[in-house]
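Engineer: PDB, C-alpha atoms and all ligand atoms, saved as input_25.pdb, coming up:
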```
ATOM      1  CA  MET A   1      23.616  -6.421   6.102  1.00  0.00           C
ATOM      2  CA  SER A   2      26.320  -8.265   7.979  1.00  0.00           C
ATOM      3  CA  GLY A   3      26.331 -12.040   8.044  1.00  0.00           C
ATOM      4  CA  ALA A   4      23.620 -14.115   6.505  1.00  0.00           C
ATOM      5  CA  THR A   5      20.440 -12.284   5.614  1.00  0.00           C
ATOM      6  CA  ARG A   6      18.326 -12.320   8.722  1.00  0.00           C
ATOM      7  CA  ASN A   7      14.893 -13.795   8.447  1.00  0.00           C
ATOM      8  CA  ILE A   8      12.765 -10.674   8.334  1.00  0.00           C
ATOM      9  CA  ALA A   9       9.771 -12.673   9.585  1.00  0.00           C
ATOM     10  CA  ARG A  10      11.528 -12.731  12.969  1.00  0.00           C
ATOM     11  CA  PHE A  11      11.869  -8.939  13.139  1.00  0.00           C
ATOM     12  CA  VAL A  12      10.612  -8.877  16.742  1.00  0.00           C
ATOM     13  CA  GLU A  13      13.827 -10.611  17.826  1.00  0.00           C
ATOM     14  CA  PHE A  14      16.280  -8.180  16.223  1.00  0.00           C
ATOM     15  CA  GLY A  15      14.460  -5.019  15.119  1.00  0.00           C
ATOM     16  CA  LYS A  16      15.928  -2.003  16.871  1.00  0.00           C
ATOM     17  CA  LYS A  17      13.089   0.461  16.858  1.00  0.00           C
ATOM     18  CA  ILE A  18       9.394   1.051  16.384  1.00  0.00           C
ATOM     19  CA  VAL A  19       8.524   4.367  14.761  1.00  0.00           C
ATOM     20  CA  CYS A  20       4.872   5.304  15.217  1.00  0.00           C
ATOM     21  CA  VAL A  21       2.686   7.812  13.428  1.00  0.00           C
ATOM     22  CA  GLY A  22       0.016   9.661  15.400  1.00  0.00           C
ATOM     23  CA  ARG A  23      -3.294  10.984  14.061  1.00  0.00           C
ATOM     24  CA  ASN A  24      -3.018   9.514  10.578  1.00  0.00           C
ATOM     25  CA  TYR A  25      -6.789   9.108  10.177  1.00  0.00           C
ATOM     26  CA  SER A  26      -8.915  12.259  10.328  1.00  0.00           C
ATOM     27  CA  GLU A  27     -11.875  10.593  12.103  1.00  0.00           C
ATOM     28  CA  HIS A  28      -9.553   9.380  14.851  1.00  0.00           C
ATOM     29  CA  ALA A  29      -7.964  12.830  15.230  1.00  0.00           C
ATOM     30  CA  ALA A  30     -11.482  14.253  15.599  1.00  0.00           C
ATOM     31  CA  GLU A  31     -12.650  11.703  18.177  1.00  0.00           C
ATOM     32  CA  LEU A  32      -9.859  12.790  20.540  1.00  0.00           C
ATOM     33  CA  GLY A  33     -10.436  16.462  19.802  1.00  0.00           C
ATOM     34  CA  ASN A  34      -7.166  16.876  17.898  1.00  0.00           C
ATOM     35  CA  PRO A  35      -6.643  18.849  14.673  1.00  0.00           C
ATOM     36  CA  VAL A  36      -5.652  16.983  11.502  1.00  0.00           C
ATOM     37  CA  PRO A  37      -1.850  17.298  11.251  1.00  0.00           C
ATOM     38  CA  LYS A  38      -0.095  19.077   8.367  1.00  0.00           C
ATOM     39  CA  LYS A  39       2.916  16.786   8.666  1.00  0.00           C
ATOM     40  CA  PRO A  40       3.298  13.364  10.292  1.00  0.00           C
ATOM     41  CA  ILE A  41       3.467  13.265  14.093  1.00  0.00           C
ATOM     42  CA  LEU A  42       6.150  10.754  15.063  1.00  0.00           C
ATOM     43  CA  PHE A  43       6.956   8.996  18.306  1.00  0.00           C
ATOM     44  CA  LEU A  44       8.963   5.921  19.266  1.00  0.00           C
ATOM     45  CA  LYS A  45       8.387   2.745  21.206  1.00  0.00           C
ATOM     46  CA  PRO A  46      11.354   0.711  22.473  1.00  0.00           C
ATOM     47  CA  SER A  47      11.720  -2.863  21.201  1.00  0.00           C
ATOM     48  CA  THR A  48      10.939  -4.052  24.746  1.00  0.00           C
ATOM     49  CA  ALA A  49       7.335  -3.027  24.017  1.00  0.00           C
ATOM     50  CA  TYR A  50       6.758  -6.097  21.809  1.00  0.00           C
ATOM     51  CA  VAL A  51       4.471  -8.908  22.868  1.00  0.00           C
ATOM     52  CA  SER A  52       3.576 -11.829  20.657  1.00  0.00           C
ATOM     53  CA  GLN A  53       0.681 -14.258  20.558  1.00  0.00           C
ATOM     54  CA  GLY A  54       0.332 -16.253  23.757  1.00  0.00           C
ATOM     55  CA  GLN A  55       1.638 -13.433  25.957  1.00  0.00           C
ATOM     56  CA  THR A  56      -0.637 -10.938  27.712  1.00  0.00           C
ATOM     57  CA  ILE A  57      -1.047  -7.190  27.450  1.00  0.00           C
ATOM     58  CA  GLN A  58      -0.245  -5.768  30.866  1.00  0.00           C
ATOM     59  CA  ILE A  59      -1.793  -2.624  32.277  1.00  0.00           C
ATOM     60  CA  PRO A  60       1.078  -0.349  33.329  1.00  0.00           C
ATOM     61  CA  PRO A  61       1.243   0.620  37.025  1.00  0.00           C
ATOM     62  CA  GLU A  62      -1.217   3.384  37.991  1.00  0.00           C
ATOM     63  CA  CYS A  63      -2.769   3.547  34.520  1.00  0.00           C
ATOM     64  CA  THR A  64      -6.553   3.939  34.733  1.00  0.00           C
ATOM     65  CA  SER A  65      -7.336   4.260  31.028  1.00  0.00           C
ATOM     66  CA  LEU A  66      -5.543   1.790  28.768  1.00  0.00           C
ATOM     67  CA  HIS A  67      -6.724   2.224  25.167  1.00  0.00           C
ATOM     68  CA  HIS A  68      -6.537  -0.061  22.153  1.00  0.00           C
ATOM     69  CA  GLU A  69      -5.445   1.254  18.734  1.00  0.00           C
ATOM     70  CA  VAL A  70      -5.340  -1.237  15.859  1.00  0.00           C
ATOM     71  CA  GLU A  71      -2.731  -0.403  13.224  1.00  0.00           C
ATOM     72  CA  LEU A  72      -1.065  -1.709  10.090  1.00  0.00           C
ATOM     73  CA  GLY A  73       2.641  -2.220  10.791  1.00  0.00           C
ATOM     74  CA  ILE A  74       5.280  -1.957   8.076  1.00  0.00           C
ATOM     75  CA  VAL A  75       8.332  -4.155   8.568  1.00  0.00           C
ATOM     76  CA  ILE A  76      11.392  -2.583   7.008  1.00  0.00           C
ATOM     77  CA  GLY A  77      13.344  -5.009   4.829  1.00  0.00           C
ATOM     78  CA  LYS A  78      16.235  -2.872   3.616  1.00  0.00           C
ATOM     79  CA  GLN A  79      18.330  -0.166   5.262  1.00  0.00           C
ATOM     80  CA  GLY A  80      17.941   3.397   4.056  1.00  0.00           C
ATOM     81  CA  SER A  81      17.942   7.071   4.917  1.00  0.00           C
ATOM     82  CA  CYS A  82      16.484   9.948   2.937  1.00  0.00           C
ATOM     83  CA  ILE A  83      14.540   7.380   0.917  1.00  0.00           C
ATOM     84  CA  SER A  84      12.549   8.868  -1.953  1.00  0.00           C
ATOM     85  CA  GLU A  85       8.819   8.300  -2.098  1.00  0.00           C
ATOM     86  CA  ALA A  86       9.307   6.518  -5.425  1.00  0.00           C
ATOM     87  CA  ASP A  87      11.784   4.080  -3.857  1.00  0.00           C
ATOM     88  CA  ALA A  88       9.976   3.661  -0.525  1.00  0.00           C
ATOM     89  CA  MET A  89       8.159   0.410  -1.284  1.00  0.00           C
ATOM     90  CA  ASN A  90      11.491  -1.244  -2.118  1.00  0.00           C
ATOM     91  CA  HIS A  91      12.410  -0.785   1.552  1.00  0.00           C
ATOM     92  CA  VAL A  92       9.256  -2.495   2.782  1.00  0.00           C
ATOM     93  CA  GLY A  93       9.970  -6.124   3.678  1.00  0.00           C
ATOM     94  CA  GLY A  94       6.461  -7.083   4.768  1.00  0.00           C
ATOM     95  CA  TYR A  95       3.665  -6.220   7.146  1.00  0.00           C
ATOM     96  CA  VAL A  96       2.243  -7.077  10.527  1.00  0.00           C
ATOM     97  CA  LEU A  97      -0.976  -6.461  12.394  1.00  0.00           C
ATOM     98  CA  ALA A  98      -0.123  -4.457  15.503  1.00  0.00           C
ATOM     99  CA  LEU A  99      -1.729  -2.685  18.430  1.00  0.00           C
ATOM    100  CA  ASP A 100      -0.494   0.679  19.645  1.00  0.00           C
ATOM    101  CA  MET A 101      -1.579   0.242  23.264  1.00  0.00           C
ATOM    102  CA  THR A 102      -1.825   3.640  24.892  1.00  0.00           C
ATOM    103  CA  ALA A 103      -2.079   4.735  28.524  1.00  0.00           C
ATOM    104  CA  ARG A 104      -4.521   7.493  27.566  1.00  0.00           C
ATOM    105  CA  ASP A 105      -4.562   9.059  31.035  1.00  0.00           C
ATOM    106  CA  PHE A 106      -0.777   9.330  30.978  1.00  0.00           C
ATOM    107  CA  GLN A 107      -0.877  10.740  27.447  1.00  0.00           C
ATOM    108  CA  ASP A 108      -3.514  13.327  28.343  1.00  0.00           C
ATOM    109  CA  GLU A 109      -1.427  14.467  31.308  1.00  0.00           C
ATOM    110  CA  ALA A 110       1.719  14.615  29.163  1.00  0.00           C
ATOM    111  CA  LYS A 111      -0.084  16.667  26.490  1.00  0.00           C
ATOM    112  CA  THR A 112      -1.369  19.114  29.094  1.00  0.00           C
ATOM    113  CA  LYS A 113       2.089  19.557  30.596  1.00  0.00           C
ATOM    114  CA  GLY A 114       3.956  19.565  27.274  1.00  0.00           C
ATOM    115  CA  GLN A 115       5.821  16.408  28.285  1.00  0.00           C
ATOM    116  CA  PRO A 116       6.873  13.498  26.049  1.00  0.00           C
ATOM    117  CA  TRP A 117       4.666  10.451  25.402  1.00  0.00           C
ATOM    118  CA  SER A 118       7.388   7.898  26.148  1.00  0.00           C
ATOM    119  CA  VAL A 119       5.676   6.211  29.095  1.00  0.00           C
ATOM    120  CA  ALA A 120       2.144   6.613  27.721  1.00  0.00           C
ATOM    121  CA  LYS A 121       3.087   4.855  24.479  1.00  0.00           C
ATOM    122  CA  GLY A 122       6.249   2.870  25.186  1.00  0.00           C
ATOM    123  CA  PHE A 123       5.670   0.827  28.341  1.00  0.00           C
ATOM    124  CA  ASP A 124       6.297  -2.941  28.352  1.00  0.00           C
ATOM    125  CA  THR A 125       3.647  -4.796  26.275  1.00  0.00           C
ATOM    126  CA  SER A 126       2.503  -1.627  24.488  1.00  0.00           C
ATOM    127  CA  CYS A 127       3.182  -3.188  21.084  1.00  0.00           C
ATOM    128  CA  PRO A 128       1.368  -6.506  20.612  1.00  0.00           C
ATOM    129  CA  VAL A 129       1.965  -7.980  17.156  1.00  0.00           C
ATOM    130  CA  GLY A 130       0.710 -10.854  15.062  1.00  0.00           C
ATOM    131  CA  ASP A 131       2.533 -13.049  12.595  1.00  0.00           C
ATOM    132  CA  PHE A 132       4.692 -11.519   9.868  1.00  0.00           C
ATOM    133  CA  ILE A 133       2.770 -11.033   6.612  1.00  0.00           C
ATOM    134  CA  GLU A 134       4.579 -11.516   3.321  1.00  0.00           C
ATOM    135  CA  LYS A 135       4.521  -8.425   1.144  1.00  0.00           C
ATOM    136  CA  GLU A 136       2.785 -10.200  -1.727  1.00  0.00           C
ATOM    137  CA  LYS A 137       0.079 -11.599   0.543  1.00  0.00           C
ATOM    138  CA  LEU A 138      -1.327  -8.215   1.490  1.00  0.00           C
ATOM    139  CA  GLY A 139      -1.761  -6.891  -2.043  1.00  0.00           C
ATOM    140  CA  ASN A 140      -2.406  -3.148  -1.775  1.00  0.00           C
ATOM    141  CA  PRO A 141      -1.509  -2.045   1.795  1.00  0.00           C
ATOM    142  CA  GLY A 142      -3.161   1.293   1.057  1.00  0.00           C
ATOM    143  CA  ASN A 143      -6.611  -0.290   0.896  1.00  0.00           C
ATOM    144  CA  VAL A 144      -7.087  -3.005   3.503  1.00  0.00           C
ATOM    145  CA  ASN A 145      -9.664  -3.367   6.258  1.00  0.00           C
ATOM    146  CA  LEU A 146      -8.524  -3.047   9.891  1.00  0.00           C
ATOM    147  CA  TRP A 147     -10.873  -4.196  12.646  1.00  0.00           C
ATOM    148  CA  LEU A 148     -10.758  -4.707  16.383  1.00  0.00           C
ATOM    149  CA  LYS A 149     -13.190  -6.304  18.831  1.00  0.00           C
ATOM    150  CA  VAL A 150     -13.210  -6.233  22.621  1.00  0.00           C
ATOM    151  CA  ASN A 151     -15.036  -9.186  24.218  1.00  0.00           C
ATOM    152  CA  ASN A 152     -16.530  -9.908  20.805  1.00  0.00           C
ATOM    153  CA  GLU A 153     -17.931  -6.384  20.346  1.00  0.00           C
ATOM    154  CA  MET A 154     -16.744  -4.459  17.293  1.00  0.00           C
ATOM    155  CA  ARG A 155     -14.928  -1.290  18.342  1.00  0.00           C
ATOM    156  CA  GLN A 156     -12.819  -0.334  15.329  1.00  0.00           C
ATOM    157  CA  ASN A 157     -13.601  -1.083  11.698  1.00  0.00           C
ATOM    158  CA  GLY A 158     -11.811   1.066   9.135  1.00  0.00           C
ATOM    159  CA  SER A 159      -9.677   1.021   6.047  1.00  0.00           C
ATOM    160  CA  THR A 160      -6.103   2.063   5.374  1.00  0.00           C
ATOM    161  CA  LYS A 161      -7.454   3.976   2.376  1.00  0.00           C
ATOM    162  CA  ASP A 162      -8.449   6.665   4.879  1.00  0.00           C
ATOM    163  CA  MET A 163      -4.871   7.339   5.953  1.00  0.00           C
ATOM    164  CA  ILE A 164      -3.916  11.008   5.711  1.00  0.00           C
ATOM    165  CA  PHE A 165      -0.283  10.244   4.816  1.00  0.00           C
ATOM    166  CA  SER A 166       0.344   7.259   2.523  1.00  0.00           C
ATOM    167  CA  ILE A 167       2.774   4.454   3.282  1.00  0.00           C
ATOM    168  CA  PRO A 168       5.391   5.601   0.684  1.00  0.00           C
ATOM    169  CA  TYR A 169       5.146   9.150   2.011  1.00  0.00           C
ATOM    170  CA  LEU A 170       5.584   7.981   5.614  1.00  0.00           C
ATOM    171  CA  VAL A 171       8.591   5.764   4.859  1.00  0.00           C
ATOM    172  CA  SER A 172      10.205   8.625   2.941  1.00  0.00           C
ATOM    173  CA  TYR A 173       9.410  11.243   5.584  1.00  0.00           C
ATOM    174  CA  ILE A 174      10.520   9.117   8.550  1.00  0.00           C
ATOM    175  CA  SER A 175      13.801   8.172   6.853  1.00  0.00           C
ATOM    176  CA  ARG A 176      14.782  11.844   6.619  1.00  0.00           C
ATOM    177  CA  TYR A 177      15.121  11.841  10.408  1.00  0.00           C
ATOM    178  CA  PHE A 178      15.589   8.210  11.447  1.00  0.00           C
ATOM    179  CA  SER A 179      17.643   5.827   9.310  1.00  0.00           C
ATOM    180  CA  LEU A 180      15.423   2.826   8.781  1.00  0.00           C
ATOM    181  CA  GLU A 181      17.075  -0.561   9.218  1.00  0.00           C
ATOM    182  CA  ALA A 182      15.984  -4.083   8.394  1.00  0.00           C
ATOM    183  CA  GLY A 183      13.700  -5.305  11.157  1.00  0.00           C
ATOM    184  CA  ASP A 184      12.477  -1.868  12.193  1.00  0.00           C
ATOM    185  CA  LEU A 185       8.717  -1.429  12.423  1.00  0.00           C
ATOM    186  CA  VAL A 186       6.604   1.540  11.368  1.00  0.00           C
ATOM    187  CA  LEU A 187       3.119   1.832  12.879  1.00  0.00           C
ATOM    188  CA  THR A 188       0.891   3.786  10.532  1.00  0.00           C
ATOM    189  CA  GLY A 189      -1.822   5.131  12.840  1.00  0.00           C
ATOM    190  CA  THR A 190      -5.261   3.985  13.894  1.00  0.00           C
ATOM    191  CA  PRO A 191      -8.759   4.453  12.493  1.00  0.00           C
ATOM    192  CA  SER A 192     -11.511   5.786  14.775  1.00  0.00           C
ATOM    193  CA  GLY A 193     -13.160   3.815  17.563  1.00  0.00           C
ATOM    194  CA  VAL A 194     -10.352   3.703  20.122  1.00  0.00           C
ATOM    195  CA  GLY A 195     -11.429   3.030  23.678  1.00  0.00           C
ATOM    196  CA  PRO A 196     -10.540   1.579  27.059  1.00  0.00           C
ATOM    197  CA  VAL A 197      -9.884  -2.017  28.065  1.00  0.00           C
ATOM    198  CA  LYS A 198      -9.703  -3.515  31.536  1.00  0.00           C
ATOM    199  CA  GLN A 199      -8.267  -6.551  33.235  1.00  0.00           C
ATOM    200  CA  GLY A 200      -9.695  -9.747  31.798  1.00  0.00           C
ATOM    201  CA  ASP A 201     -10.829  -8.227  28.512  1.00  0.00           C
ATOM    202  CA  ILE A 202     -10.103 -10.130  25.323  1.00  0.00           C
ATOM    203  CA  ILE A 203      -8.903  -8.113  22.341  1.00  0.00           C
ATOM    204  CA  GLU A 204      -9.235  -9.633  18.891  1.00  0.00           C
ATOM    205  CA  ALA A 205      -8.155  -7.782  15.777  1.00  0.00           C
ATOM    206  CA  GLY A 206      -7.507  -8.397  12.136  1.00  0.00           C
ATOM    207  CA  ILE A 207      -6.478  -7.185   8.743  1.00  0.00           C
ATOM    208  CA  ALA A 208      -9.613  -8.329   6.924  1.00  0.00           C
ATOM    209  CA  ASP A 209      -9.263 -12.125   7.190  1.00  0.00           C
ATOM    210  CA  ILE A 210      -5.607 -12.066   6.149  1.00  0.00           C
ATOM    211  CA  SER A 211      -4.181 -11.881   9.672  1.00  0.00           C
ATOM    212  CA  LYS A 212      -5.743 -12.161  13.112  1.00  0.00           C
ATOM    213  CA  ILE A 213      -4.539 -11.672  16.662  1.00  0.00           C
ATOM    214  CA  LYS A 214      -6.003 -12.345  20.088  1.00  0.00           C
ATOM    215  CA  PHE A 215      -4.671 -10.979  23.369  1.00  0.00           C
ATOM    216  CA  VAL A 216      -5.867 -10.984  26.950  1.00  0.00           C
ATOM    217  CA  VAL A 217      -5.466  -7.859  29.094  1.00  0.00           C
ATOM    218  CA  ASN A 218      -3.992  -8.427  32.521  1.00  0.00           C
ATOM    219  CA  LYS A 219      -2.549  -6.551  35.443  1.00  0.00           C
ATOM    220  CA  ARG A 220       1.162  -5.938  35.415  1.00  0.00           C
ATOM    221  CA  THR A 221       2.803  -9.048  36.848  1.00  0.00           C
TER     222      THR A 221
HETATM  223 MG    MG B   1      -1.518   4.922  17.344  1.00  0.00          MG
END
```
Would you mind writing the structure in this file as structure tokens?
Ligand code: MG
Structural biologist:
Amino acid sequence: MSGATRNIARFVEFGKKIVCVGRNYSEHAAELGNPVPKKPILFLKPSTAYVSQGQTIQIPPECTSLHHEVELGIVIGKQGSCISEADAMNHVGGYVLALDMTARDFQDEAKTKGQPWSVAKGFDTSCPVGDFIEKEKLGNPGNVNLWLKVNNEMRQNGSTKDMIFSIPYLVSYISRYFSLEAGDLVLTGTPSGVGPVKQGDIIEAGIADISKIKFVVNKRT
């Protein structure tokens, strides 16, 4: 890395890309009527999708079905491509609680027409994140609870142990196609229970009681 080692905790400020995994929990694939994938389904969000605590999630123009998806985010700490599964965890710099906000109506239309998901998944404010979590603090990222409430009602409550593709496998697989750089984020998919939010709703989510976030949903301003 050039210059002084960047503070990985501030990845939102310098990370270049967000690589997301779709349908990585079988119950979630089923709830949207999708088959369980044989290999990871990847898509990207631009870094302009980030929003941090204190900012609002904005409903993109003309979207009528904005969905929440709570996900464990992996913050890459060390550059690599074609990373082996055995070496993958050495490239993980830490974690973050993230939401993969999805314009489900846009995504459904794109799927029907065979078009890309870029707008449905990558619009401004589609990637709310919490505070950086030190690697050691999470313990085993392959077995942590993920939950999400809307207006205090539990909507999603799952565990990363139900992921179809493990974190080392995902880091290895993704790095065959996209070089992973320090500050990049990998979103690992969402457990079941996704659903719509509307203007004024309050989304709270957590990784057990290790990390919590709270965001308000608003119209695009
Ligand atoms: Mg997702």
Engineer: Could you pull the residues within 7 Å of Pro46 of chain A, counting only C-alpha atoms, minus those fewer than 5 positions along the same chain, as a list of chain:residue names?
Structural biologist: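 Counting only the stated atoms, we get A:Lys17, A:Ile18, A:Gly122.
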Engineer: Name all residues at most 7 Å from segment 126-140 of chain A (count all atoms listed in the file; drop same-chain ones fewer than 3 positions away) and give them as a list in words.
Structural biologist: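 Near neighbours after the sequence-gap exclusion: Ala9, Ala49, Tyr50, Val51, Ser52, Gln53, Gly93, Gly94, Tyr95, Val96, Leu97, Ala98, Leu99, Asp100, Met101, Thr102, Lys121, Gly122, Phe123, Asn143, Lys212 and Ile213 of chain A.
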Engineer: Could you please extract the residues within 10 Å of ligand MG 1 (chain B), counting all atoms listed in the file, and hand them back as a compact mmCIF listing (two decimals) with C-alpha atoms, in the coordinates of the input?
Structural biologist:
```txt
# COMPACT_ATOMS: atom_id res chain seq x y z
CA CYS A 20 4.87 5.30 15.22
CA VAL A 21 2.69 7.81 13.43
CA GLY A 22 0.02 9.66 15.40
CA ARG A 23 -3.29 10.98 14.06
CA ASN A 24 -3.02 9.51 10.58
CA TYR A 25 -6.79 9.11 10.18
CA HIS A 28 -9.55 9.38 14.85
CA LEU A 42 6.15 10.75 15.06
CA PHE A 43 6.96 9.00 18.31
CA HIS A 67 -6.72 2.22 25.17
CA HIS A 68 -6.54 -0.06 22.15
CA GLU A 69 -5.44 1.25 18.73
CA VAL A 70 -5.34 -1.24 15.86
CA GLU A 71 -2.73 -0.40 13.22
CA LEU A 72 -1.06 -1.71 10.09
CA ALA A 98 -0.12 -4.46 15.50
CA LEU A 99 -1.73 -2.68 18.43
CA ASP A 100 -0.49 0.68 19.64
CA MET A 101 -1.58 0.24 23.26
CA THR A 102 -1.82 3.64 24.89
CA LYS A 121 3.09 4.86 24.48
CA LEU A 187 3.12 1.83 12.88
CA THR A 188 0.89 3.79 10.53
CA GLY A 189 -1.82 5.13 12.84
CA THR A 190 -5.26 3.98 13.89
CA PRO A 191 -8.76 4.45 12.49
CA VAL A 194 -10.35 3.70 20.12
```
Engineer: With the PyMOL selection byres (((chain A and resi 156) around 6) and not hetatm) as the selection, what would be picked from this file? Answer as a VMD selection string, please.
Structural biologist: chain A and resid 147 to 148 155 157 193
Engineer: For segment 201-210 of chain A, take all atoms listed in the file, fit an axis-aligned box around them, add 4 Å to each of the six sides, then output centre and edge lengths in Å rounded to one decimal, as JSON.
Structural biologist:
```
{"center_x": -8.2, "center_y": -9.7, "center_z": 17.3, "size_x": 13.2, "size_y": 12.9, "size_z": 30.4}
```
Engineer: Find, counting only C-alpha atoms, the residue in A:Lys149, A:Arg10, A:His91, A:Lys45 that gets nearest to Glu204 of chain A.
Structural biologist: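 Result for the nearest residue to Glu204 of chain A: A:Lys149.
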Engineer: In the coordinate frame of the file, compute which residues have an atom within 6 Å of (9.4, 7.2, -1.4) when using only C-alpha atoms, and state them as a list in words.
Structural biologist: Ile83, Ser84, Glu85, Ala86, Asp87, Ala88, Pro168, Tyr169 and Ser172 of chain A
Engineer: Do you know which residues the PyMOL selection byres (((chain A and resi 197) around 8) and not hetatm) returns on this file, as a PyMOL selection string?
Structural biologist: chain A and resi 65-68+150+195-196+198-199+201+217
Engineer: Evaluate the PyMOL selection byres (((chain A and resi 185) around 7) and not hetatm) on the structure here and hand back the selected residues as a short mmCIF file (atom, residue, chain, number, x, y, z; two decimals) with C-alpha atoms, in the frame of the given file.
Structural biologist:
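Result saved to expr-v5.cif:
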```cif
data_model
loop_
_atom_site.label_atom_id
_atom_site.label_comp_id
_atom_site.auth_asym_id
_atom_site.auth_seq_id
_atom_site.Cartn_x
_atom_site.Cartn_y
_atom_site.Cartn_z
CA LYS A 17 13.09 0.46 16.86
CA ILE A 18 9.39 1.05 16.38
CA VAL A 19 8.52 4.37 14.76
CA GLY A 73 2.64 -2.22 10.79
CA ILE A 74 5.28 -1.96 8.08
CA VAL A 75 8.33 -4.16 8.57
CA ILE A 76 11.39 -2.58 7.01
CA GLY A 183 13.70 -5.30 11.16
CA ASP A 184 12.48 -1.87 12.19
CA VAL A 186 6.60 1.54 11.37
CA LEU A 187 3.12 1.83 12.88
#
```
Engineer: Check the smallest atom-to-atom distance from each of A:Gly15, A:Glu31, A:Thr56, A:Gly142 to Ser166 of chain A using only C-alpha atoms, then report the winner.
Structural biologist: A:Gly142
Engineer: At what distance in Å, to one decimal, does atom CA of Gly33 of chain A lie from atom CA of Lys111 of chain A?
Structural biologist: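 Taking atom CA of Lys111 of chain A as the start and atom CA of Gly33 of chain A as the end point, the length is 12.3 Å.
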Engineer: Rounded to one decimal, what separation in Å do you get between atom CA of Phe14 of chain A and atom CA of Ser179 of chain A?
Structural biologist: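 Computing it gives 15.7 Å between the two atoms.
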Engineer: Can you tell me how far atom CA of Pro60 of chain A sits from atom CA of Phe106 of chain A, in Å to one decimal?
Structural biologist: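 Pair atom CA of Pro60 of chain A / atom CA of Phe106 of chain A returns 10.1 Å.
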Engineer: Starting from the sparse input, extend segment 138-149 of chain A to N, CA, C and O atoms and give the output as a PDB file, in the coordinates of the input.
Structural biologist:
```pdb
ATOM      1  N   LEU A 138      -0.419  -9.305   1.116  1.00  0.00           N
ATOM      2  CA  LEU A 138      -1.327  -8.215   1.490  1.00  0.00           C
ATOM      3  C   LEU A 138      -1.926  -7.515   0.271  1.00  0.00           C
ATOM      4  O   LEU A 138      -2.979  -6.893   0.365  1.00  0.00           O
ATOM      5  N   GLY A 139      -1.279  -7.627  -0.877  1.00  0.00           N
ATOM      6  CA  GLY A 139      -1.761  -6.891  -2.043  1.00  0.00           C
ATOM      7  C   GLY A 139      -1.503  -5.414  -1.859  1.00  0.00           C
ATOM      8  O   GLY A 139      -0.373  -5.002  -1.622  1.00  0.00           O
ATOM      9  N   ASN A 140      -2.553  -4.601  -1.906  1.00  0.00           N
ATOM     10  CA  ASN A 140      -2.406  -3.148  -1.775  1.00  0.00           C
ATOM     11  C   ASN A 140      -2.549  -2.738  -0.307  1.00  0.00           C
ATOM     12  O   ASN A 140      -3.664  -2.707   0.219  1.00  0.00           O
ATOM     13  N   PRO A 141      -1.423  -2.400   0.368  1.00  0.00           N
ATOM     14  CA  PRO A 141      -1.509  -2.045   1.795  1.00  0.00           C
ATOM     15  C   PRO A 141      -2.260  -0.737   2.013  1.00  0.00           C
ATOM     16  O   PRO A 141      -2.657  -0.438   3.136  1.00  0.00           O
ATOM     17  N   GLY A 142      -2.452   0.026   0.951  1.00  0.00           N
ATOM     18  CA  GLY A 142      -3.161   1.293   1.057  1.00  0.00           C
ATOM     19  C   GLY A 142      -4.674   1.148   0.970  1.00  0.00           C
ATOM     20  O   GLY A 142      -5.394   2.140   0.921  1.00  0.00           O
ATOM     21  N   ASN A 143      -5.159  -0.074   0.939  1.00  0.00           N
ATOM     22  CA  ASN A 143      -6.611  -0.290   0.896  1.00  0.00           C
ATOM     23  C   ASN A 143      -6.952  -1.651   1.493  1.00  0.00           C
ATOM     24  O   ASN A 143      -7.378  -2.567   0.802  1.00  0.00           O
ATOM     25  N   VAL A 144      -6.699  -1.781   2.807  1.00  0.00           N
ATOM     26  CA  VAL A 144      -7.087  -3.005   3.503  1.00  0.00           C
ATOM     27  C   VAL A 144      -7.919  -2.643   4.743  1.00  0.00           C
ATOM     28  O   VAL A 144      -7.760  -1.577   5.330  1.00  0.00           O
ATOM     29  N   ASN A 145      -8.779  -3.563   5.099  1.00  0.00           N
ATOM     30  CA  ASN A 145      -9.664  -3.367   6.258  1.00  0.00           C
ATOM     31  C   ASN A 145      -8.908  -3.683   7.553  1.00  0.00           C
ATOM     32  O   ASN A 145      -8.203  -4.686   7.653  1.00  0.00           O
ATOM     33  N   LEU A 146      -9.059  -2.817   8.544  1.00  0.00           N
ATOM     34  CA  LEU A 146      -8.524  -3.047   9.891  1.00  0.00           C
ATOM     35  C   LEU A 146      -9.700  -3.082  10.850  1.00  0.00           C
ATOM     36  O   LEU A 146     -10.528  -2.168  10.831  1.00  0.00           O
ATOM     37  N   TRP A 147      -9.774  -4.111  11.673  1.00  0.00           N
ATOM     38  CA  TRP A 147     -10.873  -4.196  12.646  1.00  0.00           C
ATOM     39  C   TRP A 147     -10.352  -4.628  14.001  1.00  0.00           C
ATOM     40  O   TRP A 147      -9.281  -5.221  14.111  1.00  0.00           O
ATOM     41  N   LEU A 148     -11.122  -4.301  15.019  1.00  0.00           N
ATOM     42  CA  LEU A 148     -10.758  -4.707  16.383  1.00  0.00           C
ATOM     43  C   LEU A 148     -12.024  -4.897  17.205  1.00  0.00           C
ATOM     44  O   LEU A 148     -12.941  -4.071  17.168  1.00  0.00           O
ATOM     45  N   LYS A 149     -12.065  -6.008  17.930  1.00  0.00           N
ATOM     46  CA  LYS A 149     -13.190  -6.304  18.831  1.00  0.00           C
ATOM     47  C   LYS A 149     -12.675  -6.428  20.252  1.00  0.00           C
ATOM     48  O   LYS A 149     -11.566  -6.928  20.471  1.00  0.00           O
TER      49      LYS A 149
END
```
